[in-house]
Amino acid sequence: MAGNRWIRPEVFPLFAAVGVAVGICGMQLVRNICINPEVRVTKQNRAAGVLENYAEGEKYSEHFLRKYVRNKTPEIMPKINSFFTDPQ
């Protein structure tokens, strides 16, 4: 009975939204654990203390998406914005 309550077509968008949010959180967690220079999982790396690895931190923070968006205008729909703001 409880399964029928949740498995209805009206609930599918909610499942999709929650699934995307969980996926984004999981991706960020894996990204931080695997390639963040400030996260040290093994005991040997934690014993190293604070490292002065500025180049590795710069490489981590300047990822592909940030480089791509850097010179773009901060608009969500530029065509619609220009249609309503620029006189023809």
# chains A, B, ... in the order shown; residues from 1 in each chain; ligands from 1
call {"tool": "select_by_dssp", "arguments": {"residues": "chain A", "states": "alpha helix (DSSP H)", "output": "PyMOL selection string"}}
result
chain A and resi 2-6+12-35+43-46+54-61+64-69+78-85
call {"tool": "residues_around", "arguments": {"residues": "A:Glu52", "least_positions_apart": "4", "cutoff": "12 Å", "atoms": "only C-alpha atoms", "output": "short mmCIF file (atom, residue, chain, number, x, y, z; two decimals) with N, CA, C and O atoms, in the first residue's frame"}}
result
data_model
loop_
_atom_site.label_atom_id
_atom_site.label_comp_id
_atom_site.auth_asym_id
_atom_site.auth_seq_id
_atom_site.Cartn_x
_atom_site.Cartn_y
_atom_site.Cartn_z
N PRO A 37 43.41 19.86 -3.09
CA PRO A 37 44.73 19.75 -2.46
C PRO A 37 44.70 19.92 -0.94
O PRO A 37 45.65 19.54 -0.26
N GLU A 38 43.63 20.46 -0.37
CA GLU A 38 43.57 20.65 1.07
C GLU A 38 42.95 19.46 1.81
O GLU A 38 42.96 19.43 3.03
N ALA A 48 51.67 15.33 7.03
CA ALA A 48 52.52 16.31 6.37
C ALA A 48 52.26 17.73 6.87
O ALA A 48 53.10 18.60 6.72
N GLU A 56 49.22 23.92 -7.03
CA GLU A 56 48.18 22.89 -7.04
C GLU A 56 46.82 23.48 -6.67
O GLU A 56 45.80 23.12 -7.26
N GLY A 57 46.80 24.40 -5.72
CA GLY A 57 45.54 25.06 -5.36
C GLY A 57 45.00 25.91 -6.49
O GLY A 57 43.80 25.96 -6.73
N GLU A 58 45.88 26.59 -7.20
CA GLU A 58 45.47 27.40 -8.35
C GLU A 58 44.89 26.51 -9.45
O GLU A 58 43.88 26.83 -10.06
#
call {"tool": "atom_distance", "arguments": {"atom1": "atom CA of A:Lys72", "atom2": "atom CA of A:Thr85"}}
result
18.3 Å
call {"tool": "atom_distance", "arguments": {"atom1": "atom CA of A:Val18", "atom2": "atom CA of A:Val41"}}
result
28.4 Å
